[in-house]
Every structure is written in structure tokens, then in C-alpha cells.
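What's in upload_13.txt: compact mmCIF, C-alpha atoms
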```
# COMPACT_ATOMS: atom_id res chain seq x y z
CA MET K 1384 49.04 10.64 -12.42
CA ALA K 1385 47.75 11.14 -8.89
CA MET K 1386 44.50 12.98 -8.39
CA LYS K 1387 44.39 15.50 -5.58
CA ILE K 1388 41.16 15.98 -3.68
CA ASP K 1389 40.64 18.55 -0.98
CA ARG K 1390 38.80 17.92 2.28
CA ARG K 1391 35.65 19.76 1.16
CA ALA K 1392 35.32 17.75 -2.08
CA PHE K 1393 35.94 14.54 -0.15
CA LEU K 1394 33.17 15.34 2.35
CA LYS K 1395 30.69 16.28 -0.44
CA THR K 1396 31.40 13.07 -2.33
CA SER K 1397 31.17 10.98 0.85
CA ALA K 1398 27.83 12.55 1.79
CA ALA K 1399 26.42 11.95 -1.71
CA MET K 1400 27.52 8.32 -1.61
CA ALA K 1401 25.98 7.82 1.85
CA VAL K 1402 22.63 9.19 0.64
CA ALA K 1403 22.70 7.01 -2.48
CA VAL K 1404 23.48 3.86 -0.50
CA SER K 1405 20.83 4.58 2.13
CA MET K 1406 18.13 5.11 -0.52
CA THR K 1407 18.61 1.65 -2.04
CA GLY K 1408 16.52 0.28 0.83
CA LEU K 1409 13.51 2.12 -0.57
CA LEU K 1410 13.65 0.00 -3.71
CA GLY K 1411 12.95 -3.21 -1.79
CA GLY K 1412 9.26 -2.35 -1.40
CA CYS K 1413 8.72 -3.21 -5.03
CA SER K 1414 10.86 -6.29 -5.43
CA ASP K 1415 9.78 -9.39 -7.31
CA GLY K 1416 10.51 -11.62 -4.32
CA ASP K 1417 8.21 -14.05 -2.55
CA ILE K 1418 6.43 -11.25 -0.68
CA GLY K 1419 4.58 -10.17 -3.83
CA THR K 1420 1.63 -11.71 -5.61
CA ASP K 1421 2.09 -12.76 -9.24
CA LEU K 1422 -1.26 -12.26 -10.96
CA GLY K 1423 -0.24 -13.31 -14.44
CA GLY K 1424 0.45 -10.07 -16.30
CA PHE K 1425 1.42 -8.08 -13.23
CA THR K 1426 2.68 -8.43 -9.66
CA VAL K 1427 1.50 -6.73 -6.49
CA ALA K 1428 3.57 -6.33 -3.32
CA VAL K 1429 1.65 -5.26 -0.19
CA GLY K 1430 3.43 -3.12 2.40
CA LYS K 1431 2.56 -1.20 5.54
CA TRP K 1432 -0.90 -0.06 6.62
CA SER K 1433 -2.34 2.60 8.92
CA ALA K 1434 -5.75 3.82 10.05
CA VAL K 1435 -6.50 7.45 10.92
CA PRO K 1436 -9.84 8.61 12.38
CA HIS K 1437 -11.43 11.93 11.46
CA ASP K 1438 -13.99 13.39 13.86
CA GLN K 1439 -15.71 16.31 12.20
CA GLY K 1440 -17.08 17.63 15.48
CA ILE K 1441 -20.52 18.22 16.92
CA GLY K 1442 -22.69 20.68 15.03
CA THR K 1443 -20.69 20.57 11.79
CA GLY K 1444 -23.18 18.34 10.00
CA LYS K 1445 -20.34 16.01 9.08
CA SER K 1446 -19.93 12.59 10.62
CA TRP K 1447 -17.00 10.50 11.82
CA TYR K 1448 -14.91 8.47 9.37
CA ALA K 1449 -11.50 6.81 9.28
CA ASP K 1450 -9.08 6.33 6.41
CA PHE K 1451 -7.32 2.97 6.20
CA THR K 1452 -4.28 3.25 3.94
CA VAL K 1453 -2.05 0.51 2.59
CA THR K 1454 1.14 0.90 0.57
CA VAL K 1455 1.30 -1.29 -2.51
CA CYS K 1456 3.67 -1.72 -5.42
CA VAL K 1457 2.31 -2.82 -8.78
CA HIS K 1458 4.56 -3.97 -11.61
CA ASN K 1459 3.23 -4.50 -15.14
CA LEU K 1460 5.24 -7.47 -16.43
CA ASP K 1461 4.12 -6.93 -20.03
CA SER K 1462 6.81 -5.03 -21.92
CA VAL K 1463 4.51 -4.55 -24.93
CA ASN K 1464 1.08 -3.54 -23.57
CA GLY K 1465 -0.28 -1.33 -20.83
CA PHE K 1466 -3.50 -2.07 -18.95
CA SER K 1467 -6.23 -0.51 -16.86
CA PHE K 1468 -8.76 -2.13 -14.55
CA PRO K 1469 -11.22 -1.09 -11.85
CA ALA K 1470 -9.25 -1.30 -8.61
CA LYS K 1471 -12.39 -2.10 -6.55
CA SER K 1472 -12.46 -5.55 -8.11
CA VAL K 1473 -8.75 -6.24 -7.48
CA PHE K 1474 -8.21 -4.81 -3.97
CA VAL K 1475 -10.81 -5.80 -1.37
CA LEU K 1476 -10.37 -4.93 2.32
CA LYS K 1477 -12.40 -6.66 5.03
CA ILE K 1478 -12.21 -5.94 8.74
CA ASN K 1479 -13.88 -8.56 10.95
CA GLY K 1480 -15.55 -9.85 7.78
CA GLN K 1481 -17.07 -6.46 6.86
CA LYS K 1482 -16.09 -4.94 3.52
CA VAL K 1483 -14.54 -1.45 3.64
CA ALA K 1484 -15.05 0.81 0.60
CA LEU K 1485 -12.07 1.67 -1.58
CA GLN K 1486 -11.94 5.48 -1.63
CA GLY K 1487 -8.95 6.20 -3.87
CA GLY K 1488 -5.24 6.76 -3.47
CA ASP K 1489 -2.30 8.12 -5.39
CA LEU K 1490 -1.99 4.93 -7.47
CA LEU K 1491 -5.46 5.37 -8.95
CA SER K 1492 -7.25 7.58 -11.42
CA ASN K 1493 -11.02 7.55 -10.80
CA ILE K 1494 -10.66 4.28 -8.84
CA THR K 1495 -8.94 2.73 -11.87
CA LEU K 1496 -5.38 1.45 -11.95
CA VAL K 1497 -3.71 2.48 -15.20
CA MET K 1498 -0.27 1.04 -15.99
CA LYS K 1499 2.01 1.65 -18.96
CA LYS K 1500 3.98 -1.23 -20.49
CA GLY K 1501 6.65 -2.47 -18.10
CA GLU K 1502 5.76 0.22 -15.54
CA ARG K 1503 6.37 -0.18 -11.81
CA LYS K 1504 4.44 2.06 -9.37
CA THR K 1505 4.49 2.31 -5.59
CA GLY K 1506 1.78 4.25 -3.80
CA VAL K 1507 -1.09 4.25 -1.38
CA LEU K 1508 -4.61 2.85 -1.60
CA THR K 1509 -7.16 4.48 0.71
CA PHE K 1510 -10.17 2.65 2.10
CA ARG K 1511 -12.86 4.58 4.03
CA LEU K 1512 -14.60 3.36 7.18
CA ASP K 1513 -17.86 5.27 7.68
CA GLU K 1514 -19.63 6.04 10.94
CA SER K 1515 -21.49 2.72 10.89
CA GLN K 1516 -18.07 0.97 10.92
CA LYS K 1517 -16.64 2.90 13.87
CA MET K 1518 -16.58 -0.27 15.99
CA LEU K 1519 -14.21 -1.80 13.43
CA TYR K 1520 -11.79 1.06 13.98
CA GLN K 1521 -12.13 0.64 17.74
CA ALA K 1522 -11.33 -3.06 17.37
CA MET K 1523 -8.21 -2.11 15.38
CA GLU K 1524 -7.20 0.29 18.15
CA ALA K 1525 -7.55 -2.59 20.63
CA HIS K 1526 -5.56 -4.85 18.24
CA THR K 1527 -8.43 -7.34 18.13
CA ALA K 1528 -9.75 -6.76 14.59
CA ASP K 1529 -9.12 -9.36 11.89
CA ILE K 1530 -7.84 -7.38 8.88
CA LYS K 1531 -7.84 -9.12 5.49
CA LEU K 1532 -6.78 -7.69 2.13
CA ARG K 1533 -7.64 -9.72 -0.97
CA VAL K 1534 -5.55 -9.00 -4.04
CA GLY K 1535 -6.56 -10.17 -7.51
CA VAL K 1536 -9.71 -11.39 -9.23
CA ASP K 1537 -8.93 -14.87 -10.51
CA PRO K 1538 -6.51 -15.93 -9.12
CA THR K 1539 -6.50 -14.14 -5.74
CA GLU K 1540 -4.26 -14.03 -2.72
CA THR K 1541 -5.19 -12.98 0.80
CA TYR K 1542 -3.04 -11.00 3.22
CA THR K 1543 -3.64 -10.58 6.97
CA GLY K 1544 -2.90 -7.32 8.77
CA VAL K 1545 -0.21 -7.65 11.45
CA TYR K 1546 -0.23 -5.16 14.32
CA GLU K 1547 3.46 -5.45 15.07
CA GLY K 1548 5.02 -3.17 12.48
CA TYR K 1549 1.59 -2.54 10.87
CA THR K 1550 2.34 -4.72 7.85
CA PHE K 1551 0.63 -7.56 5.99
CA LYS K 1552 1.59 -11.22 5.70
CA LYS K 1553 0.46 -13.67 3.05
CA ASP K 1554 -2.15 -16.16 4.24
CA SER K 1555 -1.91 -18.58 1.38
CA LYS K 1556 -0.75 -19.26 -2.11
CA LEU K 1557 -2.93 -18.14 -5.01
CA ALA K 1558 -6.52 -19.39 -4.89
```
What does the file become when written as C-alpha cells?
Amino acid sequence: MAMKIDRRAFLKTSAAMAVAVSMTGLLGGCSDGDIGTDLGGFTVAVGKWSAVPHDQGIGTGKSWYADFTVTVCVHNLDSVNGFSFPAKSVFVLKINGQKVALQGGDLLSNITLVMKKGERKTGVLTFRLDESQKMLYQAMEAHTADIKLRVGVDPTETYTGVYEGYTFKKDSKLA
């Protein structure tokens, strides 16, 4: 039996398929490939970064700061247990050797990463440069700053910020 399909139904189905196929590229940010860091019970994949300055203006009583954000994907490999840990001990950002404070992000709850068993989350971590670190932001603007993100406690892996594409690359194997 032949199935008849009108032009409108064909176009709707084609559009839905095109959207579904194009969205599969979004899943790659959390793959278990070589780009991630296997930390025993979980993996972390580090993605793109950005830095945005905020000038509160003269006379407001508020000072300058910049938010440095990095996209990460965390996958809990344990299918039986969940976990939680203080993110400040696992994600450490240094710019020109100076530590930048972890402020928060949509992956965290009170600066703690909480994962259910087998869960996979992709989101943003936000680090805050304060006014005393303004020269670090200026060095990033000039593409001269050395940006390092350490992931893990023991073992750890270090990533270097790359200006072309604003991504990270692995420096080494686990240390």
C-alpha cells in the first residue's frame, strides 16, 4: 500500500529532520573522547571561554570587575552513587600565574558540584577578576596573558587558553 504525503506534510517533516540532525553537533561538547579528563569516578571536558568586563561607573561606589566564563561538561561515571564536592578545589583558574576566584555558575549549587548517579551536565563556571586584577584582563585583551585551568585534585590535568576560537587545549596527561 502506497502512502500519500502532501507537500505541506513533506516540508514539515523535512524541517523537523533538519533541526534534529543539526542539533546532534551540540552533543559533542560532552563526549568521552580524548579531549576530556578522566578523573576516576567522573570525566570533565573543557570547552570555550570568554571574559566580559563590568565597569560600574564613577560615583556609584562599585568598582570594576570582569567575569571569566568557561563551558565544561561533567559526567559521573558511577551508575550507582552520586557525589558532591567543593568546586573551588577541582577547578582552578590562573592568569599569568595569578589565581582567579571561582564565583559560581549554572553547574554549581553554593560553589559545590552535585551530580546524581550516571548524570551528565554541561554548563558554565564563572571566575571573577576584581579591580586589582584589571591588568590581567588587559593582557587577555592584548592576547598576551597565559591562561591556565587546572582540573582535578589528585590526579590533575592542566589546560591552556587558546585565543583563536577562545577554547582550551590540554597541556599534559594527568599529573
Give me the residues of segment 1421-1468 of chain K that have any atom at most 12 Å from an atom of segment 1534-1542 of chain K; for each, the nearest atom pair and the distance in Å, rounded to one decimal. Use all atoms listed in the file, sort by chain and number, and format it as JSON lines.
```
{"residue": "K:Asp1421", "atom": "CA", "partner": "K:Pro1538", "partner_atom": "CA", "distance": 9.2}
{"residue": "K:Leu1422", "atom": "CA", "partner": "K:Gly1535", "partner_atom": "CA", "distance": 6.7}
{"residue": "K:Gly1423", "atom": "CA", "partner": "K:Pro1538", "partner_atom": "CA", "distance": 8.6}
{"residue": "K:Gly1424", "atom": "CA", "partner": "K:Gly1535", "partner_atom": "CA", "distance": 11.2}
{"residue": "K:Phe1425", "atom": "CA", "partner": "K:Gly1535", "partner_atom": "CA", "distance": 10.0}
{"residue": "K:Thr1426", "atom": "CA", "partner": "K:Gly1535", "partner_atom": "CA", "distance": 9.6}
{"residue": "K:Val1427", "atom": "CA", "partner": "K:Val1534", "partner_atom": "CA", "distance": 7.8}
{"residue": "K:Ala1428", "atom": "CA", "partner": "K:Val1534", "partner_atom": "CA", "distance": 9.5}
{"residue": "K:Val1429", "atom": "CA", "partner": "K:Tyr1542", "partner_atom": "CA", "distance": 8.2}
{"residue": "K:Gly1430", "atom": "CA", "partner": "K:Tyr1542", "partner_atom": "CA", "distance": 10.2}
{"residue": "K:Lys1431", "atom": "CA", "partner": "K:Tyr1542", "partner_atom": "CA", "distance": 11.5}
{"residue": "K:Trp1432", "atom": "CA", "partner": "K:Tyr1542", "partner_atom": "CA", "distance": 11.7}
{"residue": "K:Val1453", "atom": "CA", "partner": "K:Tyr1542", "partner_atom": "CA", "distance": 11.6}
{"residue": "K:Val1455", "atom": "CA", "partner": "K:Val1534", "partner_atom": "CA", "distance": 10.4}
{"residue": "K:Cys1456", "atom": "CA", "partner": "K:Val1534", "partner_atom": "CA", "distance": 11.8}
{"residue": "K:Val1457", "atom": "CA", "partner": "K:Val1534", "partner_atom": "CA", "distance": 11.1}
{"residue": "K:Phe1468", "atom": "CA", "partner": "K:Val1536", "partner_atom": "CA", "distance": 10.7}
```
Subject >> Spatial neighbours of Lys1482 of chain K, max dist 10 Å, only C-alpha atoms, sep filter under 2 positions, as a VMD selection string >> reply: chain K and resid 1475 to 1480 1484 to 1485 1510 1512 1516 1531 to 1532
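Between atom CA of Gly1487 of chain K and atom CA of Asp1461 of chain K the interatomic distance comes to 24.6 Å.
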**OP:** Return the single residue from K:Ser1462, K:Ser1472, K:Thr1527, K:Ser1446 that is closest to Gly1544 of chain K, with distances computed using only C-alpha atoms.
**Re:**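 Of K:Ser1462, K:Ser1472, K:Thr1527, K:Ser1446, the one nearest Gly1544 of chain K, counting only C-alpha atoms, is K:Thr1527.
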Original post:
Could you work out how far atom CA of Phe1451 of chain K lies from atom CA of Gln1439 of chain K, giving the answer in Å with one decimal?
Top reply: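 Distance reported for this atom pair: 16.9 Å.
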Subject >> Two-atom distance - atom CA of Asp1513 of chain K, atom CA of Val1435 of chain K (Å) >> reply: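 According to the coordinates, atom CA of Asp1513 of chain K and atom CA of Val1435 of chain K are separated by 12.0 Å.
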**OP:** May I ask which of the residues K:Val1497, K:Met1523, K:Leu1508, K:Ala1449 is the closest one to His1437 of chain K, counting only C-alpha atoms?
**Re:** K:Ala1449
**OP:** Using all atoms listed in the file, find all polymer residues with an atom at most 12 Å away from the point (-7.4, 3.8, -15.7); report them as a ChimeraX atom specification.
**Re:** /K:1465-1471,1490-1499
Subject >> Neighbour list for Ser1515 of chain K as a PyMOL selection string, cut-off 12 Å, only C-alpha atoms, skip fewer than 4 positions in-chain >> reply: chain K and resi 1446-1449+1481-1483+1511+1519-1521
**OP:** Pull the neighbourhood of (0.0, -8.9, 10.2) for me: all residues within 10 Å in file coordinates, counting all atoms listed in the file, as JSON, numbers by chain.
**Re:** {"K": [1431, 1432, 1529, 1530, 1531, 1542, 1543, 1544, 1545, 1546, 1547, 1548, 1549, 1550, 1551, 1552, 1553, 1554]}
Original post:
With all atoms listed in the file as the atoms that count, which of K:Gly1488, K:Pro1436, K:Gly1506, K:Gly1501 lies nearest to Leu1460 of chain K?
Top reply: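 That would be K:Gly1501, the residue with the smallest distance to Leu1460 of chain K.
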